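The file data.csv comes next; it holds CSV, N, CA, C and O atoms.
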```csv
chain,number,residue,atom,x,y,z
A,1,MET,N,-1.8,-13.1,-6.3
A,1,MET,CA,-1.3,-12.6,-7.6
A,1,MET,C,-1.8,-11.2,-7.9
A,1,MET,O,-1.1,-10.4,-8.4
A,2,LYS,N,-3.0,-10.9,-7.5
A,2,LYS,CA,-3.6,-9.6,-7.8
A,2,LYS,C,-2.8,-8.5,-7.0
A,2,LYS,O,-2.7,-7.4,-7.5
A,3,LYS,N,-2.4,-8.8,-5.8
A,3,LYS,CA,-1.7,-7.8,-5.0
A,3,LYS,C,-0.3,-7.5,-5.6
A,3,LYS,O,0.1,-6.4,-5.6
A,4,THR,N,0.3,-8.5,-6.1
A,4,THR,CA,1.6,-8.3,-6.7
A,4,THR,C,1.5,-7.4,-8.0
A,4,THR,O,2.2,-6.5,-8.2
A,5,ARG,N,0.4,-7.7,-8.8
A,5,ARG,CA,0.2,-6.9,-10.0
A,5,ARG,C,-0.1,-5.5,-9.6
A,5,ARG,O,0.3,-4.6,-10.3
A,6,ALA,N,-0.9,-5.3,-8.6
A,6,ALA,CA,-1.3,-3.9,-8.2
A,6,ALA,C,0.0,-3.2,-7.7
A,6,ALA,O,0.2,-2.0,-8.0
A,7,LEU,N,0.8,-3.9,-7.0
A,7,LEU,CA,2.1,-3.3,-6.5
A,7,LEU,C,3.0,-2.9,-7.6
A,7,LEU,O,3.5,-1.8,-7.7
A,8,VAL,N,3.1,-3.7,-8.6
A,8,VAL,CA,3.9,-3.4,-9.8
A,8,VAL,C,3.3,-2.3,-10.6
A,8,VAL,O,4.1,-1.4,-11.0
A,9,ALA,N,2.0,-2.2,-10.7
A,9,ALA,CA,1.4,-1.1,-11.4
A,9,ALA,C,1.6,0.2,-10.6
A,9,ALA,O,1.9,1.2,-11.3
A,10,GLU,N,1.5,0.2,-9.3
A,10,GLU,CA,1.7,1.4,-8.5
A,10,GLU,C,3.2,1.9,-8.7
A,10,GLU,O,3.4,3.1,-8.8
A,11,LEU,N,4.1,0.9,-8.6
A,11,LEU,CA,5.5,1.3,-8.8
A,11,LEU,C,5.8,1.9,-10.2
A,11,LEU,O,6.5,2.9,-10.3
A,12,ALA,N,5.1,1.3,-11.2
A,12,ALA,CA,5.3,1.8,-12.6
A,12,ALA,C,4.7,3.2,-12.6
A,12,ALA,O,5.3,4.1,-13.3
A,13,LEU,N,3.6,3.5,-12.0
A,13,LEU,CA,3.0,4.9,-12.0
A,13,LEU,C,4.0,5.9,-11.3
A,13,LEU,O,4.2,7.0,-11.8
A,14,VAL,N,4.6,5.5,-10.2
A,14,VAL,CA,5.5,6.4,-9.5
A,14,VAL,C,6.7,6.7,-10.4
A,14,VAL,O,7.1,7.8,-10.6
A,15,VAL,N,7.3,5.6,-11.0
A,15,VAL,CA,8.5,5.8,-11.8
A,15,VAL,C,8.2,6.6,-13.1
A,15,VAL,O,8.9,7.6,-13.5
A,16,SER,N,7.0,6.3,-13.7
A,16,SER,CA,6.7,7.1,-14.9
A,16,SER,C,6.3,8.5,-14.6
A,16,SER,O,6.6,9.4,-15.4
A,17,GLY,N,5.7,8.7,-13.4
A,17,GLY,CA,5.4,10.1,-13.0
A,17,GLY,C,6.7,10.9,-12.8
A,17,GLY,O,6.6,12.1,-13.1
A,18,VAL,N,7.8,10.3,-12.4
A,18,VAL,CA,9.0,11.1,-12.3
A,18,VAL,C,9.5,11.5,-13.7
A,18,VAL,O,9.9,12.7,-13.8
A,19,PHE,N,9.4,10.7,-14.7
A,19,PHE,CA,9.8,11.1,-16.0
A,19,PHE,C,8.9,12.1,-16.6
A,19,PHE,O,9.3,13.1,-17.3
A,20,VAL,N,7.6,12.0,-16.3
A,20,VAL,CA,6.6,13.0,-16.8
A,20,VAL,C,6.9,14.4,-16.1
A,20,VAL,O,7.0,15.4,-16.8
A,21,PHE,N,7.1,14.3,-14.8
A,21,PHE,CA,7.5,15.6,-14.1
A,21,PHE,C,8.7,16.2,-14.6
A,21,PHE,O,8.8,17.4,-14.9
A,22,ARG,N,9.8,15.4,-14.8
A,22,ARG,CA,11.0,15.9,-15.3
A,22,ARG,C,10.9,16.5,-16.7
A,22,ARG,O,11.4,17.6,-17.0
A,23,GLY,N,10.2,15.8,-17.6
A,23,GLY,CA,10.0,16.3,-18.9
A,23,GLY,C,9.2,17.6,-19.0
A,23,GLY,O,9.6,18.5,-19.7
A,24,LEU,N,8.1,17.7,-18.2
A,24,LEU,CA,7.4,18.9,-18.1
A,24,LEU,C,8.2,20.0,-17.6
A,24,LEU,O,8.1,21.2,-18.1
A,25,TRP,N,9.0,19.7,-16.5
A,25,TRP,CA,9.8,20.8,-16.0
A,25,TRP,C,10.8,21.3,-17.0
A,25,TRP,O,11.0,22.5,-17.1
A,26,MET,N,11.4,20.4,-17.8
A,26,MET,CA,12.4,20.8,-18.8
A,26,MET,C,11.7,21.7,-19.9
A,26,MET,O,12.2,22.7,-20.4
A,27,LEU,N,10.5,21.2,-20.3
A,27,LEU,CA,9.8,22.0,-21.3
A,27,LEU,C,9.4,23.4,-20.8
A,27,LEU,O,9.5,24.4,-21.6
A,28,LEU,N,8.9,23.5,-19.6
A,28,LEU,CA,8.5,24.8,-19.1
A,28,LEU,C,9.7,25.7,-18.8
A,28,LEU,O,9.6,26.9,-18.9
A,29,ASP,N,10.8,25.0,-18.6
A,29,ASP,CA,12.0,25.8,-18.3
A,29,ASP,C,12.5,26.5,-19.6
A,29,ASP,O,13.2,27.5,-19.6
A,30,LEU,N,12.1,26.0,-20.8
A,30,LEU,CA,12.5,26.6,-22.0
A,30,LEU,C,11.7,27.9,-22.3
A,30,LEU,O,12.2,28.7,-23.1
A,31,LEU,N,10.6,28.0,-21.7
A,31,LEU,CA,9.7,29.2,-22.0
A,31,LEU,C,10.2,30.4,-21.1
A,31,LEU,O,10.2,30.3,-19.9
A,32,ASP,N,10.5,31.5,-21.7
A,32,ASP,CA,10.9,32.7,-21.0
A,32,ASP,C,9.8,33.2,-20.0
A,32,ASP,O,10.0,33.7,-19.0
A,33,PHE,N,8.5,33.0,-20.5
A,33,PHE,CA,7.4,33.4,-19.7
A,33,PHE,C,7.4,32.7,-18.3
A,33,PHE,O,7.0,33.4,-17.3
A,34,MET,N,7.8,31.5,-18.2
A,34,MET,CA,7.7,30.8,-17.0
A,34,MET,C,8.8,31.2,-15.9
A,34,MET,O,8.8,30.8,-14.8
A,35,HIS,N,9.6,32.1,-16.3
A,35,HIS,CA,10.6,32.7,-15.4
A,35,HIS,C,10.2,33.9,-14.7
A,35,HIS,O,10.9,34.5,-13.9
A,36,LYS,N,9.0,34.4,-15.1
A,36,LYS,CA,8.4,35.6,-14.5
A,36,LYS,C,7.6,35.2,-13.2
A,36,LYS,O,7.0,34.2,-13.1
A,37,PRO,N,7.6,36.1,-12.2
A,37,PRO,CA,6.9,35.8,-10.9
A,37,PRO,C,5.4,35.5,-11.1
A,37,PRO,O,4.9,34.7,-10.4
A,38,ALA,N,4.8,36.2,-12.0
A,38,ALA,CA,3.3,36.0,-12.3
A,38,ALA,C,3.1,34.5,-12.8
A,38,ALA,O,2.2,33.9,-12.3
A,39,ALA,N,3.9,34.1,-13.7
A,39,ALA,CA,3.8,32.7,-14.2
A,39,ALA,C,4.1,31.7,-13.1
A,39,ALA,O,3.4,30.7,-13.0
A,40,LEU,N,5.1,31.9,-12.3
A,40,LEU,CA,5.4,31.0,-11.2
A,40,LEU,C,4.3,30.9,-10.2
A,40,LEU,O,4.0,29.9,-9.7
A,41,GLY,N,3.8,32.1,-9.9
A,41,GLY,CA,2.7,32.1,-8.9
A,41,GLY,C,1.4,31.4,-9.5
A,41,GLY,O,0.8,30.7,-8.7
A,42,SER,N,1.1,31.6,-10.7
A,42,SER,CA,0.0,31.0,-11.4
A,42,SER,C,0.2,29.5,-11.4
A,42,SER,O,-0.7,28.7,-11.2
A,43,SER,N,1.4,29.1,-11.7
A,43,SER,CA,1.7,27.6,-11.7
A,43,SER,C,1.6,27.0,-10.3
A,43,SER,O,1.0,25.9,-10.2
A,44,LEU,N,2.0,27.7,-9.3
A,44,LEU,CA,1.9,27.2,-8.0
A,44,LEU,C,0.4,27.1,-7.6
A,44,LEU,O,0.0,26.1,-7.0
A,45,LEU,N,-0.3,28.1,-7.9
A,45,LEU,CA,-1.8,28.2,-7.5
A,45,LEU,C,-2.5,27.0,-8.2
A,45,LEU,O,-3.3,26.3,-7.6
A,46,ALA,N,-2.2,26.8,-9.5
A,46,ALA,CA,-2.9,25.7,-10.3
A,46,ALA,C,-2.5,24.4,-9.7
A,46,ALA,O,-3.4,23.5,-9.5
A,47,GLY,N,-1.3,24.2,-9.3
A,47,GLY,CA,-0.8,23.0,-8.6
A,47,GLY,C,-1.5,22.7,-7.3
A,47,GLY,O,-2.0,21.6,-7.0
A,48,ILE,N,-1.7,23.8,-6.5
A,48,ILE,CA,-2.4,23.7,-5.2
A,48,ILE,C,-3.9,23.3,-5.4
A,48,ILE,O,-4.4,22.4,-4.8
A,49,VAL,N,-4.5,23.9,-6.4
A,49,VAL,CA,-5.9,23.7,-6.7
A,49,VAL,C,-6.1,22.2,-7.1
A,49,VAL,O,-7.0,21.5,-6.6
A,50,VAL,N,-5.3,21.8,-8.0
A,50,VAL,CA,-5.4,20.4,-8.5
A,50,VAL,C,-5.1,19.4,-7.4
A,50,VAL,O,-5.8,18.4,-7.3
A,51,THR,N,-4.2,19.7,-6.6
A,51,THR,CA,-3.8,18.8,-5.5
A,51,THR,C,-5.0,18.7,-4.5
A,51,THR,O,-5.3,17.6,-4.1
A,52,VAL,N,-5.5,19.8,-4.1
A,52,VAL,CA,-6.7,19.8,-3.2
A,52,VAL,C,-7.8,19.0,-3.8
A,52,VAL,O,-8.5,18.2,-3.1
A,53,TRP,N,-8.1,19.3,-5.0
A,53,TRP,CA,-9.2,18.6,-5.7
A,53,TRP,C,-9.0,17.0,-5.7
A,53,TRP,O,-9.9,16.3,-5.4
A,54,ALA,N,-7.8,16.6,-6.1
A,54,ALA,CA,-7.5,15.2,-6.1
A,54,ALA,C,-7.6,14.6,-4.7
A,54,ALA,O,-8.1,13.4,-4.6
A,55,LEU,N,-7.1,15.2,-3.7
A,55,LEU,CA,-7.1,14.7,-2.4
A,55,LEU,C,-8.6,14.6,-1.9
A,55,LEU,O,-8.9,13.6,-1.2
A,56,GLN,N,-9.4,15.6,-2.2
A,56,GLN,CA,-10.8,15.5,-1.8
A,56,GLN,C,-11.5,14.3,-2.5
A,56,GLN,O,-12.3,13.6,-1.9
A,57,CYS,N,-11.2,14.1,-3.8
A,57,CYS,CA,-11.8,13.0,-4.5
A,57,CYS,C,-11.3,11.6,-3.9
A,57,CYS,O,-12.2,10.7,-3.8
A,58,LEU,N,-10.1,11.5,-3.5
A,58,LEU,CA,-9.6,10.3,-2.9
A,58,LEU,C,-10.2,10.1,-1.6
A,58,LEU,O,-10.6,8.9,-1.2
A,59,MET,N,-10.4,11.1,-0.8
A,59,MET,CA,-11.0,11.0,0.5
A,59,MET,C,-12.5,10.6,0.4
A,59,MET,O,-12.9,9.8,1.2
A,60,LYS,N,-13.2,11.1,-0.6
A,60,LYS,CA,-14.6,10.8,-0.7
A,60,LYS,C,-14.7,9.3,-1.1
A,60,LYS,O,-15.5,8.6,-0.7
A,61,GLN,N,-13.8,8.9,-2.0
A,61,GLN,CA,-13.8,7.5,-2.4
A,61,GLN,C,-13.5,6.5,-1.2
A,61,GLN,O,-14.0,5.5,-1.1
A,62,ASP,N,-12.5,7.0,-0.4
A,62,ASP,CA,-12.1,6.2,0.8
A,62,ASP,C,-13.3,6.1,1.8
A,62,ASP,O,-13.4,5.1,2.5
A,63,GLY,N,-14.1,7.1,1.8
A,63,GLY,CA,-15.2,7.1,2.8
A,63,GLY,C,-16.4,6.3,2.4
A,63,GLY,O,-17.4,6.2,3.1
A,64,LYS,N,-16.4,5.6,1.2
A,64,LYS,CA,-17.6,4.9,0.7
A,64,LYS,C,-17.9,3.7,1.6
A,64,LYS,O,-17.2,3.0,2.2
```
Could you express the structure from this file as structure tokens?
Amino acid sequence: MKKTRALVAELALVVSGVFVFRGLWMLLDLLDFMHKPAALGSSLLAGIVVTVWALQCLMKQDGK
């Protein structure tokens, strides 16, 4: 039963993540600033930094 609940929770996270991503995308699309190359580059850099940090955290946890 615990595996089923974990699977449903993971599926819910994936689906809700899609809605959060879409909503954030639409909100940022409304800002004129986000259409400039500097803002797009900063956004990309921030995403890369957070992704690397999260992956490192997950790999450390996996190595316990």
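From atom O of Leu28 (chain A) back to atom N of Ser43 (chain A), the distance works out to 11.1 Å.
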One number please: CA of Met34 (chain A) to CA of Ala46 (chain A), in Å, one decimal. 13.5 Å
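Coordinates place atom N of Val52 (chain A) at a distance of 24.7 Å from atom N of Leu7 (chain A).
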